[in-house]
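Quick look at work-v4.tsv (TSV, C-alpha atoms):
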chain	number	residue	atom	x	y	z
A	1	MET	CA	9.31	19.99	40.00
A	2	ARG	CA	8.97	20.31	36.22
A	3	LYS	CA	10.72	23.02	34.25
A	4	GLY	CA	9.13	25.05	31.49
A	5	ARG	CA	8.64	23.74	27.98
A	6	ALA	CA	11.75	23.63	25.78
A	7	LYS	CA	12.24	26.49	23.33
A	8	ARG	CA	11.66	25.81	19.64
A	9	ARG	CA	14.89	25.77	17.65
A	10	ILE	CA	15.02	27.70	14.39
A	11	VAL	CA	15.45	25.29	11.47
A	12	THR	CA	17.05	26.56	8.27
A	13	PRO	CA	15.27	25.66	5.02
A	14	ASP	CA	16.77	22.92	2.85
A	15	PRO	CA	18.92	23.86	-0.17
A	16	ARG	CA	16.84	22.33	-3.00
A	17	TYR	CA	13.23	23.12	-2.07
A	18	GLY	CA	13.69	25.93	0.47
A	19	ASN	CA	11.29	24.14	2.83
A	20	GLU	CA	11.78	23.98	6.61
A	21	MET	CA	9.73	20.78	6.99
A	22	VAL	CA	12.12	19.00	4.60
A	23	SER	CA	15.01	20.03	6.87
A	24	VAL	CA	13.20	18.63	9.90
A	25	PHE	CA	12.61	15.37	8.00
A	26	VAL	CA	16.28	15.16	6.98
A	27	ASN	CA	17.39	15.88	10.56
A	28	ASN	CA	15.31	12.92	11.72
A	29	LEU	CA	16.63	10.76	8.87
A	30	MET	CA	20.24	11.60	9.72
A	31	LYS	CA	22.38	9.07	11.60
A	32	ASP	CA	25.68	9.84	13.36
A	33	GLY	CA	25.65	13.48	12.23
A	34	LYS	CA	25.93	12.66	8.52
A	35	LYS	CA	23.60	15.34	7.22
A	36	SER	CA	24.98	15.46	3.67
A	37	LEU	CA	24.32	11.72	3.29
A	38	ALA	CA	20.80	12.20	4.72
A	39	TYR	CA	20.12	14.97	2.16
A	40	LYS	CA	21.42	12.73	-0.65
A	41	ILE	CA	19.14	9.88	0.46
A	42	PHE	CA	16.12	12.21	0.71
A	43	TYR	CA	16.70	13.92	-2.65
A	44	ASP	CA	17.31	10.58	-4.42
A	45	ALA	CA	14.07	9.28	-2.88
A	46	MET	CA	12.26	12.42	-4.11
A	47	ASP	CA	13.58	11.78	-7.65
A	48	ILE	CA	12.30	8.19	-7.50
A	49	VAL	CA	8.89	9.36	-6.21
A	50	ASP	CA	8.80	12.04	-8.92
A	51	SER	CA	9.35	9.43	-11.65
A	52	LYS	CA	6.75	7.01	-10.22
A	53	THR	CA	3.87	9.43	-9.53
A	54	GLU	CA	2.01	11.98	-11.63
A	55	GLU	CA	2.33	14.64	-8.95
A	56	GLY	CA	5.69	16.18	-8.09
A	57	GLY	CA	7.96	14.49	-5.57
A	58	LEU	CA	7.65	17.24	-2.97
A	59	ASP	CA	3.85	17.44	-3.29
A	60	SER	CA	3.58	13.66	-2.91
A	61	TRP	CA	5.85	13.78	0.15
A	62	LYS	CA	3.79	16.57	1.77
A	63	LYS	CA	0.56	14.63	1.17
A	64	ALA	CA	2.18	11.45	2.53
A	65	VAL	CA	3.29	13.20	5.74
A	66	GLU	CA	-0.19	14.71	6.07
A	67	ASN	CA	-1.73	11.24	5.67
A	68	VAL	CA	0.34	9.69	8.48
A	69	THR	CA	0.02	12.51	11.04
A	70	PRO	CA	-2.20	11.41	13.94
A	71	GLN	CA	-5.11	13.52	15.20
A	72	VAL	CA	-5.44	11.88	18.63
A	73	GLU	CA	-3.20	9.71	20.77
A	74	VAL	CA	-3.93	7.59	23.83
A	75	ARG	CA	-2.33	8.58	27.10
A	76	SER	CA	-2.29	6.61	30.32
A	77	ARG	CA	-4.41	8.19	33.04
A	78	ARG	CA	-4.45	6.86	36.57
A	79	VAL	CA	-7.83	7.13	38.27
A	80	GLY	CA	-8.17	5.68	41.75
A	81	GLY	CA	-5.72	2.80	41.41
A	82	ALA	CA	-6.73	1.77	37.88
A	83	THR	CA	-4.91	2.92	34.75
A	84	PHE	CA	-7.04	3.92	31.76
A	85	GLN	CA	-6.03	4.70	28.18
A	86	ILE	CA	-7.64	8.05	27.38
A	87	PRO	CA	-7.57	9.51	23.84
A	88	GLN	CA	-6.35	13.11	23.71
A	89	PRO	CA	-5.77	15.54	20.84
A	90	VAL	CA	-2.14	15.98	19.73
A	91	ARG	CA	-0.31	19.33	19.50
A	92	ASP	CA	0.52	20.44	15.94
A	93	SER	CA	4.29	20.22	16.39
A	94	ARG	CA	4.01	16.74	17.90
A	95	LYS	CA	1.68	15.59	15.09
A	96	ILE	CA	4.29	16.37	12.46
A	97	ALA	CA	7.14	14.94	14.55
A	98	LEU	CA	5.28	11.65	15.09
A	99	GLY	CA	4.31	11.36	11.42
A	100	ILE	CA	7.89	11.95	10.27
A	101	LYS	CA	9.35	9.49	12.77
A	102	TRP	CA	6.85	6.78	11.82
A	103	MET	CA	7.63	7.22	8.11
A	104	ILE	CA	11.37	6.94	8.67
A	105	LEU	CA	11.12	3.96	11.04
A	106	ASN	CA	8.86	2.05	8.66
A	107	ALA	CA	11.10	2.91	5.71
A	108	ARG	CA	14.08	1.46	7.59
A	109	LYS	CA	12.12	-1.75	8.33
A	110	ARG	CA	11.17	-2.27	4.67
A	111	ASN	CA	12.80	-4.74	2.32
A	112	GLY	CA	14.49	-3.15	-0.63
A	113	LYS	CA	17.75	-2.10	-2.15
A	114	GLY	CA	19.15	1.03	-0.57
A	115	MET	CA	17.55	3.50	1.82
A	116	GLU	CA	16.59	5.77	-1.10
A	117	GLN	CA	14.37	3.07	-2.60
A	118	LYS	CA	12.90	2.07	0.77
A	119	LEU	CA	12.10	5.69	1.65
A	120	ALA	CA	10.58	6.30	-1.78
A	121	ASP	CA	8.38	3.19	-1.44
A	122	GLU	CA	7.24	4.28	2.04
A	123	ILE	CA	6.39	7.79	0.75
A	124	ILE	CA	4.41	6.37	-2.16
A	125	SER	CA	2.50	3.93	0.06
A	126	ALA	CA	1.78	6.67	2.63
A	127	PHE	CA	0.56	8.88	-0.23
A	128	LYS	CA	-1.87	6.10	-1.20
A	129	GLU	CA	-2.94	5.76	2.47
A	130	GLU	CA	-1.37	2.34	3.00
A	131	GLY	CA	1.91	1.04	4.38
A	132	GLY	CA	3.41	0.75	7.85
A	133	ALA	CA	3.30	4.41	8.88
A	134	PHE	CA	-0.36	4.79	7.89
A	135	LYS	CA	-1.21	1.55	9.73
A	136	LYS	CA	0.50	2.93	12.85
A	137	LYS	CA	-1.64	6.07	12.61
A	138	GLU	CA	-4.80	3.97	12.31
A	139	ASP	CA	-3.84	1.94	15.39

Spit out the file's structure as structure tokens when you get a sec.
Amino acid sequence: MRKGRAKRRIVTPDPRYGNEMVSVFVNNLMKDGKKSLAYKIFYDAMDIVDSKTEEGGLDSWKKAVENVTPQVEVRSRRVGGATFQIPQPVRDSRKIALGIKWMILNARKRNGKGMEQKLADEIISAFKEEGGAFKKKED
């Protein structure tokens, strides 16, 4: 039998922007518990995005995450022996989680020098509605 849904953890805002969504992004970016390194990578990427776009780095990042968040996802549904892919709307918390994960995964796959540069390039391309994360959303 299934248990109840897991409780939402309280996330503290990040030190530079005071934004909880940035903290969630950094927590997903983090590997092996190295949060200070993850913050450094994120903030360096924000500085690169800030220098390359007219809008601020944080505004560009918010728009990029908004551009890659999916509205519907397909779920497998078994009806009388056959399995069908049925599109269903996505919960708000899952939308953001999926968008963030897709951005980070596609940034890691990119060619470039350093994770800061790869993340900055992925943010800029997601802001322009192109790149791997946006393609994943479209699929």

Residues at most 12 Å from stretch 108-114 of chain A, counting all atoms listed in the file, excluding those fewer than 4 positions away in the same chain, as JSON, numbers by chain?
{"A": [29, 31, 40, 41, 42, 44, 45, 101, 102, 103, 104, 118, 119, 120, 121, 122, 123, 125, 131, 132, 133]}

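Atom CA of A:Leu98 is positioned 11.8 Å from atom CA of A:Val24.
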
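With atom CA of A:Ile100 on one side and atom CA of A:Asn28 on the other, the separation reads 7.6 Å.
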
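Candidate residues A:Leu105, A:Ile10, A:Val72, A:Ala126 were compared for distance to A:Asp92, and the nearest is A:Val72, using only C-alpha atoms.
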
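Here atom CA of A:Glu55 and atom CA of A:Arg91 stand 29.0 Å from one another.
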
Could you add whatever atoms are missing so that stretch 35-52 of chain A carries N, CA and C atoms, then write the result as a PDB file, keeping the file's coordinate frame?
ATOM      1  N   LYS A  35      24.715  14.612   7.823  1.00  0.00           N
ATOM      2  CA  LYS A  35      23.600  15.340   7.220  1.00  0.00           C
ATOM      3  C   LYS A  35      23.669  15.327   5.699  1.00  0.00           C
ATOM      4  N   SER A  36      24.872  15.440   5.128  1.00  0.00           N
ATOM      5  CA  SER A  36      24.980  15.460   3.670  1.00  0.00           C
ATOM      6  C   SER A  36      24.506  14.138   3.083  1.00  0.00           C
ATOM      7  N   LEU A  37      24.804  13.023   3.749  1.00  0.00           N
ATOM      8  CA  LEU A  37      24.320  11.720   3.290  1.00  0.00           C
ATOM      9  C   LEU A  37      22.796  11.640   3.429  1.00  0.00           C
ATOM     10  N   ALA A  38      22.251  12.197   4.520  1.00  0.00           N
ATOM     11  CA  ALA A  38      20.800  12.200   4.720  1.00  0.00           C
ATOM     12  C   ALA A  38      20.109  13.009   3.621  1.00  0.00           C
ATOM     13  N   TYR A  39      20.682  14.176   3.266  1.00  0.00           N
ATOM     14  CA  TYR A  39      20.120  14.970   2.160  1.00  0.00           C
ATOM     15  C   TYR A  39      20.176  14.194   0.855  1.00  0.00           C
ATOM     16  N   LYS A  40      21.285  13.502   0.592  1.00  0.00           N
ATOM     17  CA  LYS A  40      21.420  12.730  -0.650  1.00  0.00           C
ATOM     18  C   LYS A  40      20.356  11.645  -0.711  1.00  0.00           C
ATOM     19  N   ILE A  41      20.163  10.936   0.406  1.00  0.00           N
ATOM     20  CA  ILE A  41      19.140   9.880   0.460  1.00  0.00           C
ATOM     21  C   ILE A  41      17.756  10.474   0.192  1.00  0.00           C
ATOM     22  N   PHE A  42      17.447  11.610   0.859  1.00  0.00           N
ATOM     23  CA  PHE A  42      16.120  12.210   0.710  1.00  0.00           C
ATOM     24  C   PHE A  42      15.894  12.686  -0.724  1.00  0.00           C
ATOM     25  N   TYR A  43      16.874  13.386  -1.291  1.00  0.00           N
ATOM     26  CA  TYR A  43      16.700  13.920  -2.650  1.00  0.00           C
ATOM     27  C   TYR A  43      16.624  12.792  -3.689  1.00  0.00           C
ATOM     28  N   ASP A  44      17.409  11.725  -3.508  1.00  0.00           N
ATOM     29  CA  ASP A  44      17.310  10.580  -4.420  1.00  0.00           C
ATOM     30  C   ASP A  44      15.927   9.933  -4.309  1.00  0.00           C
ATOM     31  N   ALA A  45      15.414   9.834  -3.078  1.00  0.00           N
ATOM     32  CA  ALA A  45      14.070   9.280  -2.880  1.00  0.00           C
ATOM     33  C   ALA A  45      13.024  10.168  -3.555  1.00  0.00           C
ATOM     34  N   MET A  46      13.199  11.489  -3.464  1.00  0.00           N
ATOM     35  CA  MET A  46      12.260  12.420  -4.110  1.00  0.00           C
ATOM     36  C   MET A  46      12.289  12.240  -5.632  1.00  0.00           C
ATOM     37  N   ASP A  47      13.481  12.017  -6.206  1.00  0.00           N
ATOM     38  CA  ASP A  47      13.580  11.780  -7.650  1.00  0.00           C
ATOM     39  C   ASP A  47      12.863  10.500  -8.049  1.00  0.00           C
ATOM     40  N   ILE A  48      12.987   9.452  -7.220  1.00  0.00           N
ATOM     41  CA  ILE A  48      12.300   8.190  -7.500  1.00  0.00           C
ATOM     42  C   ILE A  48      10.788   8.382  -7.415  1.00  0.00           C
ATOM     43  N   VAL A  49      10.319   9.093  -6.371  1.00  0.00           N
ATOM     44  CA  VAL A  49       8.890   9.360  -6.210  1.00  0.00           C
ATOM     45  C   VAL A  49       8.373  10.191  -7.379  1.00  0.00           C
ATOM     46  N   ASP A  50       9.175  11.162  -7.800  1.00  0.00           N
ATOM     47  CA  ASP A  50       8.800  12.040  -8.920  1.00  0.00           C
ATOM     48  C   ASP A  50       8.596  11.231 -10.199  1.00  0.00           C
ATOM     49  N   SER A  51       9.465  10.231 -10.432  1.00  0.00           N
ATOM     50  CA  SER A  51       9.350   9.430 -11.650  1.00  0.00           C
ATOM     51  C   SER A  51       8.186   8.431 -11.577  1.00  0.00           C
ATOM     52  N   LYS A  52       7.793   8.019 -10.358  1.00  0.00           N
ATOM     53  CA  LYS A  52       6.750   7.010 -10.220  1.00  0.00           C
ATOM     54  C   LYS A  52       5.341   7.577 -10.087  1.00  0.00           C
TER      55      LYS A  52
END
